[in-house]
Amino acid sequence: MTKIITLDGPSGSGKGTVGRALAIELGFNYLDSGLLYRSLALNALINHLDLNDEFGIAATVNDVSLEFSLCSPVVTLNGADVTDEIRSERVSLASSKIAKYSLVRKRLVDFQRKFSRGDGLIADGRDMGSVIFPSADLKIFLTASVKVRAVRRYKELIARGENVSLRDLERRIALRDKLSLIHISEPTRQAEISYAVFC
Ligand code: DC
């Protein structure tokens with residue numbers, strides 16, 4: 001039986017760091033669901049798609065091929081290295097917008113469930129314990145104050161050369177928390193998106 005540990009909470013709460021460390025330590029598979037939304041958002045930005053078009057964005061689920069490794073920070077999207085860009089502020093903003101589309105969320109349900117294989121899975125996201133893996137063996141919710149999360153994000157973006165203000169970041173993070181309403185949806189067909197995690 002595959003053990004499932006869900007790790008939910010807002011951006012910047014440290015889920016990624018904890019999730020990756022746990023997955024490596026336990027030898028479990030790792031699902032970074034935020035990366036799925038980020039990859040759809042970045043793909044839309046690259047191809048100048050209308051971010052307000054829910055149907056159009058949901059239709060691109062099959063066009064995106066995402067790869068990342070548990071052992072390295074490198075992320076590729078349709079073969080191109082997007083390591084820096086996928087975590088940029090513009091992609092954060094765009095992904096929070098498309099993540100509220102129920103059509104997009106529905107298309108990703110079954111796909112995310114396929115990550116449950118082998119000895120176990122660490123599933124990192126917002127709706128892992130509530131929607132995607134409601135019967136998980138262990139459900140963790142990790143959070144931190146908006147201020148702490150903003151400072152963490154600020155340091156990350158500054159280190160990456162982005163010109164941001166801490167105050168703006170705090171405001172945006174608080175706004176994104178509000179936008180991040182989870183739409184409970186029935187699983188639909190498996191998305192064709194290809195997503196590989198290797199070590
Ligand atoms: O965790 P993150 O910042 O990489 O997530 C990117 C965006 O996707 C963020 O706006 C929250 C959203 N998201 C979501 O709605 N559901 C998930 N399971 C994971 C992320």
# chains A, B, ... in the order shown; residues from 1 in each chain; ligands from 1
>>> residues_around(residues="Gly19 (chain A)", least_positions_apart="6", cutoff="9 Å", atoms="only C-alpha atoms", output="list in words")
Leu7, Tyr30, Leu31, Asp32, Ile122, Ala123 and Asp124 of chain A
>>> residues_near_ligand(ligand="ligand 1", cutoff="9 Å", atoms="only C-alpha atoms and all ligand atoms", output="JSON, numbers by chain")
{"A": [8, 9, 10, 11, 12, 13, 15, 16, 32, 33, 34, 35, 36, 37, 38, 41, 86, 87, 91, 92, 93, 94, 95, 96, 97, 98, 99, 100, 105, 123, 124, 125, 126, 127, 128, 132, 176, 177, 179, 180, 181, 182, 183]}
>>> select_by_dssp(residues="region 34-177 of chain A", states="alpha helix (DSSP H)", output="number ranges by chain")
A: 34-46, 54-58, 89-98, 102-113, 146-159, 166-177
>>> atom_distance(atom1="CA of Leu40 (chain A)", atom2="CA of Thr6 (chain A)")
22.2 Å
>>> closest_residue(among="A:Ala159, A:Ala59, A:Val109, A:Leu166", to="Ala44 (chain A)", atoms="only C-alpha atoms")
A:Ala59
>>> atom_distance(atom1="CA of Leu138 (chain A)", atom2="CA of Met1 (chain A)")
14.0 Å
